[in-house]
file coords16.cif (mmCIF, C-alpha atoms)
data_final
loop_
_atom_site.label_atom_id
_atom_site.label_comp_id
_atom_site.auth_asym_id
_atom_site.auth_seq_id
_atom_site.Cartn_x
_atom_site.Cartn_y
_atom_site.Cartn_z
CA MET A 1 105.59 116.06 116.03
CA ARG A 2 104.72 117.03 112.45
CA LYS A 3 108.38 117.63 111.58
CA PHE A 4 109.24 114.21 113.01
CA LEU A 5 106.53 112.49 110.93
CA VAL A 6 107.60 114.24 107.75
CA ALA A 7 111.25 113.34 108.39
CA PHE A 8 110.26 109.76 109.12
CA LEU A 9 108.26 109.39 105.91
CA VAL A 10 110.96 111.02 103.80
CA ALA A 11 113.46 108.61 105.35
CA ALA A 12 111.16 105.70 104.49
CA PHE A 13 111.16 106.68 100.83
CA THR A 14 114.94 107.04 100.87
CA VAL A 15 115.38 103.62 102.49
CA ALA A 16 113.01 102.05 99.98
CA MET A 17 115.18 103.28 97.16
CA SER A 18 118.44 102.09 98.72
CA ILE A 19 117.69 98.62 100.17
CA PRO A 20 118.30 95.71 97.78
CA ALA A 21 115.25 94.75 95.79
CA GLN A 22 115.29 91.14 97.00
CA ALA A 23 114.48 92.16 100.60
CA PHE A 24 110.82 92.99 99.93
CA ASP A 25 108.46 94.33 97.28
CA THR A 26 108.01 98.11 97.17
CA THR A 27 105.17 100.00 95.53
CA PHE A 28 104.95 103.77 95.11
CA SER A 29 101.79 105.70 94.27
CA GLY A 30 100.52 109.24 94.43
CA THR A 31 97.56 111.51 93.80
CA VAL A 32 97.18 115.25 93.27
CA VAL A 33 93.64 116.64 93.54
CA TRP A 34 93.03 120.27 92.47
CA GLN A 35 89.65 121.95 92.87
CA MET A 36 88.17 125.31 91.91
CA GLY A 37 84.64 126.64 92.03
CA TYR A 38 82.08 129.08 93.36
CA HIS A 39 79.37 128.95 96.01
CA SER A 40 76.35 131.18 96.45
CA ASP A 41 75.26 131.34 100.10
CA SER A 42 71.92 132.72 101.26
CA ALA A 43 71.88 135.58 103.75
CA GLU A 44 71.27 133.27 106.73
CA ILE A 45 74.76 131.76 106.52
CA THR A 46 76.76 134.83 105.49
CA GLU A 47 78.76 136.97 107.90
CA ASN A 48 76.73 140.09 107.07
CA GLY A 49 73.44 138.27 107.70
CA ASN A 50 71.46 140.48 105.31
CA ASP A 51 72.49 139.65 101.74
CA SER A 52 73.43 136.52 99.85
CA VAL A 53 77.09 136.25 98.84
CA VAL A 54 78.84 134.61 95.88
CA SER A 55 82.50 133.72 96.40
CA GLY A 56 85.11 131.44 94.88
CA PHE A 57 87.46 128.79 96.18
CA MET A 58 90.58 127.02 94.93
CA SER A 59 92.64 124.38 96.70
CA VAL A 60 94.81 121.30 96.54
CA THR A 61 92.87 118.98 98.82
CA ASP A 62 93.93 116.55 101.52
CA ASP A 63 93.00 113.72 99.14
CA SER A 64 96.34 114.48 97.49
CA ASN A 65 98.98 112.09 98.75
CA LEU A 66 102.27 110.32 98.21
CA SER A 67 102.48 106.74 99.51
CA VAL A 68 104.81 103.76 99.65
CA THR A 69 104.01 100.15 100.49
CA PHE A 70 106.55 97.57 101.67
CA GLU A 71 105.46 93.92 101.43
CA SER A 72 107.32 90.74 102.23
CA LYS A 73 108.01 88.32 99.38
CA ASP A 74 105.54 85.80 100.80
CA LYS A 75 102.82 88.54 100.89
CA LYS A 76 102.10 87.87 104.58
CA VAL A 77 103.47 91.06 106.15
CA GLY A 78 103.31 94.63 104.90
CA VAL A 79 103.48 98.29 105.87
CA SER A 80 101.84 101.28 104.17
CA LEU A 81 103.02 104.85 104.72
CA GLU A 82 101.24 107.87 103.27
CA MET A 83 101.89 111.59 103.24
CA ASP A 84 98.79 113.68 102.60
CA LEU A 85 99.22 117.00 100.83
CA GLU A 86 97.07 120.05 101.41
CA GLY A 87 99.57 122.75 100.69
CA THR A 88 101.57 121.37 103.64
CA LEU A 89 102.49 117.85 104.71
CA ILE A 90 100.11 116.32 107.22
CA ARG A 91 99.67 112.85 108.63
CA GLY A 92 98.06 110.23 106.42
CA PRO A 93 97.31 106.53 106.93
CA VAL A 94 100.26 104.69 108.48
CA PHE A 95 99.59 101.01 109.17
CA GLY A 96 100.87 97.48 108.92
CA TRP A 97 99.26 94.11 108.33
CA TYR A 98 99.85 90.40 108.77
CA THR A 99 97.95 87.84 106.67
CA MET A 100 97.08 84.35 107.95
CA GLY A 101 95.14 82.47 105.26
CA ASP A 102 91.79 84.24 104.88
CA PHE A 103 92.48 86.43 107.96
CA THR A 104 94.39 89.72 108.11
CA LEU A 105 95.45 91.61 111.22
CA VAL A 106 95.73 95.37 110.63
CA ALA A 107 97.13 97.89 113.12
CA GLY A 108 98.17 101.52 112.87
CA HIS A 109 96.52 104.77 111.80
CA ASN A 110 93.85 103.90 109.24
CA ASP A 111 90.20 103.97 108.13
CA THR A 112 87.36 101.49 108.70
CA TRP A 113 85.46 99.54 106.07
CA ALA A 114 82.26 101.24 107.22
CA GLY A 115 80.42 104.02 105.46
CA ASP A 116 82.10 105.05 102.23
CA GLY A 117 84.98 102.65 102.79
CA LEU A 118 83.29 100.00 100.62
CA ILE A 119 80.35 101.80 99.00
CA GLY A 120 80.47 105.53 98.44
CA THR A 121 79.89 108.46 96.16
CA ASP A 122 82.18 109.95 93.52
CA SER A 123 80.82 113.40 94.38
CA TRP A 124 83.50 115.79 95.62
CA LEU A 125 81.46 118.99 95.87
CA ILE A 126 78.44 117.78 97.85
CA ASP A 127 79.71 114.84 99.88
CA PRO A 128 76.81 112.85 101.41
CA THR A 129 79.26 110.97 103.66
CA ASP A 130 79.78 114.22 105.58
CA GLY A 131 76.98 114.82 108.05
CA GLY A 132 74.99 111.61 108.46
CA PHE A 133 73.25 111.67 105.09
CA GLY A 134 72.84 107.91 104.91
CA LEU A 135 76.56 107.08 104.88
CA THR A 136 78.82 107.27 107.90
CA GLY A 137 82.26 108.78 107.56
CA HIS A 138 85.09 107.62 109.81
CA GLU A 139 88.19 109.73 110.26
CA THR A 140 91.55 108.03 109.85
CA ARG A 141 92.61 107.25 113.43
CA PRO A 142 94.63 104.81 115.59
CA MET A 143 93.07 101.36 115.19
CA ILE A 144 93.48 97.61 115.27
CA ALA A 145 91.25 95.25 113.31
CA LEU A 146 90.87 91.63 112.30
CA GLU A 147 89.58 91.07 108.78
CA TRP A 148 88.30 87.89 107.13
CA ASN A 149 87.81 87.64 103.38
CA SER A 150 86.52 84.90 101.10
CA ALA A 151 85.37 85.00 97.49
CA ASN A 152 82.04 86.74 98.17
CA LEU A 153 82.06 87.60 101.88
CA GLY A 154 84.21 89.69 104.16
CA VAL A 155 84.06 90.83 107.78
CA GLN A 156 86.02 93.51 109.61
CA VAL A 157 85.94 93.69 113.42
CA GLY A 158 87.97 96.61 114.71
CA LEU A 159 88.74 98.81 117.69
CA PHE A 160 89.31 102.49 116.93
CA GLU A 161 90.29 105.51 118.98
CA PRO A 162 87.18 107.31 120.35
CA LEU A 163 86.99 110.98 119.35
CA LEU A 164 84.09 112.55 121.28
CA GLU A 165 84.85 115.50 123.58
CA LEU A 166 82.47 116.78 126.27
CA ASP A 167 83.13 120.16 127.85
CA GLY A 168 82.30 121.11 131.41
CA VAL A 169 82.88 117.71 133.05
CA ASP A 170 85.75 116.20 135.03
CA ASP A 171 87.82 113.16 134.07
CA PHE A 172 85.99 112.53 130.80
CA GLY A 173 87.20 109.41 129.02
CA TRP A 174 86.21 106.22 127.26
CA VAL A 175 85.73 102.78 128.80
CA LEU A 176 86.45 100.74 125.67
CA PRO A 177 87.69 101.84 122.24
CA THR A 178 85.12 102.37 119.51
CA LEU A 179 83.96 98.95 118.30
CA ASN A 180 83.14 98.75 114.62
CA VAL A 181 81.82 95.69 112.76
CA THR A 182 81.28 95.67 108.99
CA LEU A 183 80.07 92.88 106.70
CA ASN A 184 80.86 93.00 102.99
CA ALA A 185 78.70 90.67 100.88
CA LYS A 186 78.77 90.41 97.08
CA PHE A 187 76.24 88.47 95.02
CA GLY A 188 77.00 88.93 91.35
CA SER A 189 76.34 92.59 90.53
CA PHE A 190 74.80 93.26 93.98
CA GLN A 191 76.80 94.38 97.01
CA LEU A 192 75.62 94.89 100.60
CA ALA A 193 77.77 96.29 103.44
CA PRO A 194 75.87 96.56 106.76
CA ASN A 195 77.89 98.07 109.59
CA PHE A 196 77.60 98.83 113.30
CA GLY A 197 79.63 100.86 115.78
CA ILE A 198 79.47 101.71 119.49
CA THR A 199 81.47 103.63 122.12
CA HIS A 200 80.93 104.11 125.86
CA TYR A 201 82.12 107.22 127.74
CA THR A 202 82.20 108.07 131.46
CA TRP A 203 83.11 111.06 133.65
CA GLU A 204 83.01 112.10 137.30
CA SER A 205 79.87 113.93 138.44
CA ASP A 206 78.00 114.49 141.68
CA ARG A 207 74.76 115.32 139.87
CA GLY A 208 72.95 114.27 136.74
CA ASP A 209 74.50 111.73 134.39
CA ASN A 210 78.03 110.36 134.44
CA SER A 211 78.08 108.28 131.25
CA LEU A 212 76.78 108.13 127.70
CA VAL A 213 76.77 105.75 124.76
CA ALA A 214 77.36 106.71 121.13
CA TRP A 215 76.34 104.16 118.50
CA TYR A 216 75.07 103.75 114.95
CA VAL A 217 73.89 101.19 112.42
CA GLY A 218 74.22 101.62 108.65
CA LEU A 219 73.11 99.75 105.54
CA PRO A 220 74.78 100.73 102.23
CA ALA A 221 73.98 98.78 99.05
CA LYS A 222 75.07 98.85 95.42
CA VAL A 223 73.75 97.20 92.27
CA ALA A 224 75.12 97.40 88.71
CA LEU A 225 72.82 96.77 85.74
CA GLY A 226 74.80 97.10 82.54
CA PRO A 227 75.94 100.71 82.16
CA VAL A 228 73.78 101.84 85.11
CA THR A 229 74.85 101.67 88.75
CA LEU A 230 72.52 102.42 91.66
CA GLN A 231 73.88 103.11 95.14
CA LEU A 232 71.73 103.44 98.27
CA ALA A 233 72.34 103.83 101.98
CA GLY A 234 70.40 104.38 105.19
CA MET A 235 71.58 104.92 108.75
CA TYR A 236 70.48 105.58 112.32
CA ALA A 237 72.81 107.00 114.96
CA VAL A 238 72.76 108.20 118.57
CA ASN A 239 75.32 110.84 119.62
CA GLY A 240 77.33 110.06 116.48
CA SER A 241 78.87 113.49 115.87
CA ALA A 242 82.53 112.68 116.51
CA ASP A 243 82.98 108.92 116.37
CA PHE A 244 80.76 108.31 113.35
CA ALA A 245 80.93 111.75 111.68
CA THR A 246 77.17 112.01 111.40
CA ASN A 247 76.82 115.77 111.97
CA GLU A 248 77.99 118.36 114.50
CA LEU A 249 74.30 118.74 115.38
CA SER A 250 74.20 115.09 116.48
CA ALA A 251 76.46 115.69 119.47
CA PRO A 252 74.95 114.97 122.90
CA VAL A 253 73.69 118.03 124.79
CA MET A 254 74.27 118.48 128.54
CA THR A 255 71.51 120.37 130.36
CA ALA A 256 71.97 122.80 133.26
CA ALA A 257 71.05 119.94 135.60
CA GLY A 258 73.98 117.88 134.32
CA GLU A 259 71.77 115.45 132.40
CA ILE A 260 72.53 114.21 128.88
CA GLU A 261 69.99 114.72 126.12
CA ASN A 262 70.80 112.27 123.34
CA SER A 263 70.82 113.43 119.73
CA THR A 264 69.44 110.89 117.26
CA THR A 265 70.11 110.95 113.52
CA PHE A 266 68.24 109.39 110.60
CA GLY A 267 69.75 109.61 107.13
CA GLY A 268 69.27 108.37 103.59
CA TRP A 269 71.20 108.65 100.32
CA ALA A 270 70.76 107.52 96.70
CA GLU A 271 72.99 107.96 93.64
CA LEU A 272 72.52 106.90 90.03
CA ILE A 273 75.50 106.60 87.66
CA TYR A 274 75.46 106.03 83.90
CA SER A 275 78.75 104.93 82.35
CA VAL A 276 79.69 105.11 78.69
CA GLY A 277 83.29 104.69 77.63
CA ASP A 278 85.51 106.98 79.68
CA VAL A 279 82.58 109.08 80.92
CA ASN A 280 80.49 108.62 84.07
CA ILE A 281 77.38 110.77 84.48
CA GLY A 282 76.09 110.76 88.05
CA GLY A 283 73.55 112.43 90.26
CA GLY A 284 72.20 111.93 93.73
CA ALA A 285 70.18 113.16 96.66
CA ALA A 286 70.62 112.83 100.41
CA TRP A 287 68.53 113.61 103.49
CA MET A 288 69.34 113.88 107.17
CA ARG A 289 67.15 114.47 110.26
CA VAL A 290 68.53 115.08 113.76
CA GLU A 291 66.36 115.15 116.88
CA ASN A 292 67.10 116.61 120.32
CA ASP A 293 64.54 117.64 122.95
CA THR A 294 66.52 120.75 123.96
CA TRP A 295 65.95 122.44 120.59
CA GLU A 296 63.14 124.86 119.81
CA ASN A 297 61.43 122.60 117.26
CA GLY A 298 62.89 119.33 118.52
CA ASP A 299 64.35 118.35 115.14
CA ILE A 300 66.33 119.66 112.16
CA SER A 301 66.22 118.29 108.60
CA GLN A 302 68.77 118.97 105.85
CA PHE A 303 68.89 118.02 102.16
CA LYS A 304 71.61 117.71 99.50
CA TYR A 305 71.32 117.35 95.70
CA TYR A 306 74.15 117.05 93.17
CA ALA A 307 75.09 116.08 89.61
CA TYR A 308 78.47 115.53 87.98
CA VAL A 309 80.25 114.34 84.86
CA SER A 310 83.51 112.43 85.31
CA TYR A 311 85.74 112.15 82.24
CA ALA A 312 88.93 110.04 82.17
CA LEU A 313 91.02 112.11 79.80
CA HIS A 314 93.92 109.69 80.43
CA GLU A 315 94.32 106.60 82.58
CA ASN A 316 96.15 108.87 85.05
CA LEU A 317 94.03 112.02 84.66
CA THR A 318 90.33 112.64 85.41
CA LEU A 319 88.26 115.82 85.03
CA GLN A 320 85.02 116.20 86.99
CA PRO A 321 82.76 119.27 86.80
CA GLU A 322 79.94 119.23 89.35
CA ILE A 323 77.00 121.26 90.65
CA GLY A 324 75.24 120.89 93.98
CA PHE A 325 72.69 122.38 96.34
CA THR A 326 72.39 122.11 100.13
CA ASN A 327 69.41 123.14 102.27
CA PHE A 328 70.48 123.46 105.92
CA GLY A 329 66.93 123.47 107.31
CA ASP A 330 66.51 125.32 110.63
CA ASP A 331 68.98 126.07 113.40
CA THR A 332 68.54 124.88 117.00
CA GLY A 333 66.50 127.99 117.78
CA GLY A 334 63.97 127.24 115.05
CA ASN A 335 65.23 129.90 112.61
CA ASP A 336 65.96 129.32 108.91
CA ALA A 337 69.58 128.14 108.60
CA GLY A 338 69.84 128.99 104.89
CA ASN A 339 71.04 127.21 101.76
CA SER A 340 74.01 127.10 99.42
CA PHE A 341 74.44 126.47 95.69
CA GLN A 342 77.86 125.33 94.45
CA ALA A 343 79.56 124.67 91.12
CA GLY A 344 83.13 123.67 90.43
CA LEU A 345 85.74 121.58 88.65
CA GLN A 346 88.05 118.91 90.03
CA ILE A 347 91.21 117.69 88.29
CA GLU A 348 92.75 114.50 89.63
CA PHE A 349 96.20 113.15 88.69
CA LYS A 350 96.98 109.57 89.78
CA PHE A 351 100.09 107.50 89.34
#

call {"tool": "encode", "arguments": {"input": "coords16.cif", "output": "structure tokens"}}
result
Amino acid sequence: MRKFLVAFLVAAFTVAMSIPAQAFDTTFSGTVVWQMGYHSDSAEITENGNDSVVSGFMSVTDDSNLSVTFESKDKKVGVSLEMDLEGTLIRGPVFGWYTMGDFTLVAGHNDTWAGDGLIGTDSWLIDPTDGGFGLTGHETRPMIALEWNSANLGVQVGLFEPLLELDGVDDFGWVLPTLNVTLNAKFGSFQLAPNFGITHYTWESDRGDNSLVAWYVGLPAKVALGPVTLQLAGMYAVNGSADFATNELSAPVMTAAGEIENSTTFGGWAELIYSVGDVNIGGGAAWMRVENDTWENGDISQFKYYAYVSYALHENLTLQPEIGFTNFGDDTGGNDAGNSFQAGLQIEFKF
């Protein structure tokens, strides 16, 4: 399948270069993201379990990509194809759209507006969108959505492929695709993007439960005051581990009696950015609390803190050193889950 997708995308680029220009408009773009750094992990999260460990990392991330967009001359119909690069070629967003006045129909393999789709952090080292820290993160997945946009308001209503898996049950599946609704409102320098999502799953069982619901509600906001930008977000989720990327801890737990114990997540995030010329200086903090009655203490809280400097050395090149700290709280048995300090540099090329 991967070889087919790669061949298909390569063919698309070849076709784009060979078809007469008057057929449609074609736009190429690409990004290469390189990262290097070190992390110091406390003994609780190391393999040896007795001593803290400092180790390095270097990678070209899956944010690196090569993409092409085909758009009809009347701007009503378009297709976007993207190849993500992480050392190898993997599947990126592949979708098409049709515009009807203020409405746009989108279908394919794509993201939602929710979470960091409209308002999100520039942090790459300590990402608060990963784990339910106030912002939800939605994996790129098969979807169909209807979008409406005006000067200051926008709404996306979409159906997305459900992703939750539940072991130990028969005929597990979803009743309806994941419904996601996001409002995007802008009032001068203030932006608000409340969002909601829900999925319903069922399975065959002769004891205990035979269905569960995963859902969340989020409220990101952003305000710019001169050179200072403040971003905030809060969220609440139930069983949001897979569909809403809240945290692997927020997966539902099935008891020995076949009953589902829901995991609930509360999260909050704040980031302050000061901009001067080609430099952005940012810092933020995020908090997440997950509750489940099957755990020793009934709840787990985690915290993240980070600071970065982003410097646009060129309009196509950005350097971003960053430091961050994560406290993982306790594990499900009530034991200290440890902490990690990280520092690194990201270089991003865009064209």

call {"tool": "resolve_selection", "arguments": {"input": "coords16.cif", "expression": "the PyMOL selection byres ((chain A and resi 38) around 8)", "output": "PyMOL selection string"}}
result
chain A and resi 36-37+39-40+54-57+342-344

call {"tool": "residues_near_point", "arguments": {"input": "coords16.cif", "point": "(94.5, 106.0, 111.9)", "cutoff": "7 Å", "atoms": "all atoms listed in the file", "output": "ChimeraX atom specification"}}
result
/A:93-94,108-111,140-143

call {"tool": "resolve_selection", "arguments": {"input": "coords16.cif", "expression": "the PyMOL selection byres ((chain A and resi 63) around 7)", "output": "list of chain:residue names"}}
result
A:Val33, A:Thr61, A:Asp62, A:Ser64, A:Asn65, A:Asp84

call {"tool": "residues_around", "arguments": {"input": "coords16.cif", "residues": "segment 194-210 of chain A", "least_positions_apart": "6", "cutoff": "8 Å", "atoms": "only C-alpha atoms", "output": "PyMOL selection string"}}
result
chain A and resi 114-115+162+169-184+216-220+243-244+257-260

call {"tool": "resolve_selection", "arguments": {"input": "coords16.cif", "expression": "the PyMOL selection byres ((chain A and resi 191) around 6)", "output": "PyMOL selection string"}}
result
chain A and resi 185-186+190+192+221-222

call {"tool": "atom_distance", "arguments": {"input": "coords16.cif", "atom1": "atom CA of Tyr236 of chain A", "atom2": "atom CA of Phe303 of chain A"}}
result
16.1 Å

call {"tool": "decode", "arguments": {"input": "coords16.cif", "residues": "segment 193-216 of chain A", "atoms": "N, CA, C and O atoms", "output": "PDB file, in the first residue's frame"}}
result
ATOM      1  N   ALA A 193     -12.354  29.756  19.475  1.00  0.00           N
ATOM      2  CA  ALA A 193     -12.611  28.598  18.613  1.00  0.00           C
ATOM      3  C   ALA A 193     -13.159  27.416  19.413  1.00  0.00           C
ATOM      4  O   ALA A 193     -12.512  26.367  19.524  1.00  0.00           O
ATOM      5  N   PRO A 194     -14.359  27.523  19.991  1.00  0.00           N
ATOM      6  CA  PRO A 194     -14.934  26.393  20.730  1.00  0.00           C
ATOM      7  C   PRO A 194     -15.196  25.210  19.808  1.00  0.00           C
ATOM      8  O   PRO A 194     -15.537  25.384  18.640  1.00  0.00           O
ATOM      9  N   ASN A 195     -15.006  24.011  20.352  1.00  0.00           N
ATOM     10  CA  ASN A 195     -15.185  22.807  19.541  1.00  0.00           C
ATOM     11  C   ASN A 195     -15.729  21.660  20.376  1.00  0.00           C
ATOM     12  O   ASN A 195     -15.556  21.608  21.597  1.00  0.00           O
ATOM     13  N   PHE A 196     -16.383  20.725  19.687  1.00  0.00           N
ATOM     14  CA  PHE A 196     -17.039  19.592  20.343  1.00  0.00           C
ATOM     15  C   PHE A 196     -16.932  18.370  19.449  1.00  0.00           C
ATOM     16  O   PHE A 196     -17.014  18.468  18.218  1.00  0.00           O
ATOM     17  N   GLY A 197     -16.731  17.196  20.061  1.00  0.00           N
ATOM     18  CA  GLY A 197     -16.677  15.963  19.289  1.00  0.00           C
ATOM     19  C   GLY A 197     -17.277  14.810  20.060  1.00  0.00           C
ATOM     20  O   GLY A 197     -17.235  14.782  21.297  1.00  0.00           O
ATOM     21  N   ILE A 198     -17.827  13.812  19.340  1.00  0.00           N
ATOM     22  CA  ILE A 198     -18.441  12.662  19.998  1.00  0.00           C
ATOM     23  C   ILE A 198     -18.421  11.448  19.077  1.00  0.00           C
ATOM     24  O   ILE A 198     -18.517  11.581  17.852  1.00  0.00           O
ATOM     25  N   THR A 199     -18.236  10.266  19.663  1.00  0.00           N
ATOM     26  CA  THR A 199     -18.257   8.989  18.951  1.00  0.00           C
ATOM     27  C   THR A 199     -18.952   7.950  19.820  1.00  0.00           C
ATOM     28  O   THR A 199     -18.792   7.951  21.045  1.00  0.00           O
ATOM     29  N   HIS A 200     -19.684   7.041  19.184  1.00  0.00           N
ATOM     30  CA  HIS A 200     -20.403   5.978  19.892  1.00  0.00           C
ATOM     31  C   HIS A 200     -19.929   4.623  19.377  1.00  0.00           C
ATOM     32  O   HIS A 200     -19.947   4.364  18.178  1.00  0.00           O
ATOM     33  N   TYR A 201     -19.518   3.744  20.306  1.00  0.00           N
ATOM     34  CA  TYR A 201     -19.031   2.409  19.950  1.00  0.00           C
ATOM     35  C   TYR A 201     -19.928   1.337  20.566  1.00  0.00           C
ATOM     36  O   TYR A 201     -20.507   1.537  21.649  1.00  0.00           O
ATOM     37  N   THR A 202     -20.010   0.180  19.896  1.00  0.00           N
ATOM     38  CA  THR A 202     -20.754  -0.965  20.430  1.00  0.00           C
ATOM     39  C   THR A 202     -19.963  -2.253  20.196  1.00  0.00           C
ATOM     40  O   THR A 202     -19.047  -2.296  19.371  1.00  0.00           O
ATOM     41  N   TRP A 203     -20.317  -3.310  20.929  1.00  0.00           N
ATOM     42  CA  TRP A 203     -19.739  -4.630  20.740  1.00  0.00           C
ATOM     43  C   TRP A 203     -20.722  -5.671  21.289  1.00  0.00           C
ATOM     44  O   TRP A 203     -21.682  -5.334  21.990  1.00  0.00           O
ATOM     45  N   GLU A 204     -20.467  -6.922  20.973  1.00  0.00           N
ATOM     46  CA  GLU A 204     -21.315  -8.012  21.448  1.00  0.00           C
ATOM     47  C   GLU A 204     -20.809  -8.509  22.799  1.00  0.00           C
ATOM     48  O   GLU A 204     -19.613  -8.750  22.977  1.00  0.00           O
ATOM     49  N   SER A 205     -21.727  -8.650  23.761  1.00  0.00           N
ATOM     50  CA  SER A 205     -21.350  -9.118  25.090  1.00  0.00           C
ATOM     51  C   SER A 205     -22.556  -9.724  25.788  1.00  0.00           C
ATOM     52  O   SER A 205     -23.669  -9.204  25.669  1.00  0.00           O
ATOM     53  N   ASP A 206     -22.319 -10.822  26.503  1.00  0.00           N
ATOM     54  CA  ASP A 206     -23.399 -11.434  27.272  1.00  0.00           C
ATOM     55  C   ASP A 206     -23.316 -11.074  28.749  1.00  0.00           C
ATOM     56  O   ASP A 206     -24.042 -11.616  29.582  1.00  0.00           O
ATOM     57  N   ARG A 207     -22.415 -10.143  29.080  1.00  0.00           N
ATOM     58  CA  ARG A 207     -22.321  -9.661  30.460  1.00  0.00           C
ATOM     59  C   ARG A 207     -21.737  -8.252  30.462  1.00  0.00           C
ATOM     60  O   ARG A 207     -21.057  -7.840  29.527  1.00  0.00           O
ATOM     61  N   GLY A 208     -22.037  -7.513  31.469  1.00  0.00           N
ATOM     62  CA  GLY A 208     -21.504  -6.158  31.586  1.00  0.00           C
ATOM     63  C   GLY A 208     -22.022  -5.220  30.508  1.00  0.00           C
ATOM     64  O   GLY A 208     -23.157  -5.326  30.037  1.00  0.00           O
ATOM     65  N   ASP A 209     -21.174  -4.307  30.084  1.00  0.00           N
ATOM     66  CA  ASP A 209     -21.556  -3.287  29.106  1.00  0.00           C
ATOM     67  C   ASP A 209     -21.321  -3.773  27.678  1.00  0.00           C
ATOM     68  O   ASP A 209     -20.503  -4.659  27.432  1.00  0.00           O
ATOM     69  N   ASN A 210     -22.052  -3.171  26.755  1.00  0.00           N
ATOM     70  CA  ASN A 210     -21.851  -3.477  25.333  1.00  0.00           C
ATOM     71  C   ASN A 210     -21.770  -2.216  24.478  1.00  0.00           C
ATOM     72  O   ASN A 210     -21.935  -2.279  23.263  1.00  0.00           O
ATOM     73  N   SER A 211     -21.516  -1.076  25.110  1.00  0.00           N
ATOM     74  CA  SER A 211     -21.349   0.170  24.356  1.00  0.00           C
ATOM     75  C   SER A 211     -20.641   1.203  25.220  1.00  0.00           C
ATOM     76  O   SER A 211     -20.615   1.091  26.456  1.00  0.00           O
ATOM     77  N   LEU A 212     -20.067   2.203  24.558  1.00  0.00           N
ATOM     78  CA  LEU A 212     -19.480   3.334  25.268  1.00  0.00           C
ATOM     79  C   LEU A 212     -19.507   4.549  24.360  1.00  0.00           C
ATOM     80  O   LEU A 212     -19.598   4.438  23.138  1.00  0.00           O
ATOM     81  N   VAL A 213     -19.407   5.708  24.987  1.00  0.00           N
ATOM     82  CA  VAL A 213     -19.381   6.981  24.267  1.00  0.00           C
ATOM     83  C   VAL A 213     -18.084   7.707  24.608  1.00  0.00           C
ATOM     84  O   VAL A 213     -17.699   7.788  25.775  1.00  0.00           O
ATOM     85  N   ALA A 214     -17.405   8.195  23.590  1.00  0.00           N
ATOM     86  CA  ALA A 214     -16.227   9.056  23.771  1.00  0.00           C
ATOM     87  C   ALA A 214     -16.601  10.451  23.285  1.00  0.00           C
ATOM     88  O   ALA A 214     -17.156  10.601  22.191  1.00  0.00           O
ATOM     89  N   TRP A 215     -16.317  11.476  24.098  1.00  0.00           N
ATOM     90  CA  TRP A 215     -16.669  12.830  23.691  1.00  0.00           C
ATOM     91  C   TRP A 215     -15.758  13.850  24.382  1.00  0.00           C
ATOM     92  O   TRP A 215     -15.063  13.524  25.339  1.00  0.00           O
ATOM     93  N   TYR A 216     -15.772  15.069  23.873  1.00  0.00           N
ATOM     94  CA  TYR A 216     -14.980  16.132  24.481  1.00  0.00           C
ATOM     95  C   TYR A 216     -15.592  17.486  24.122  1.00  0.00           C
ATOM     96  O   TYR A 216     -16.377  17.630  23.180  1.00  0.00           O
TER      97      TYR A 216
END
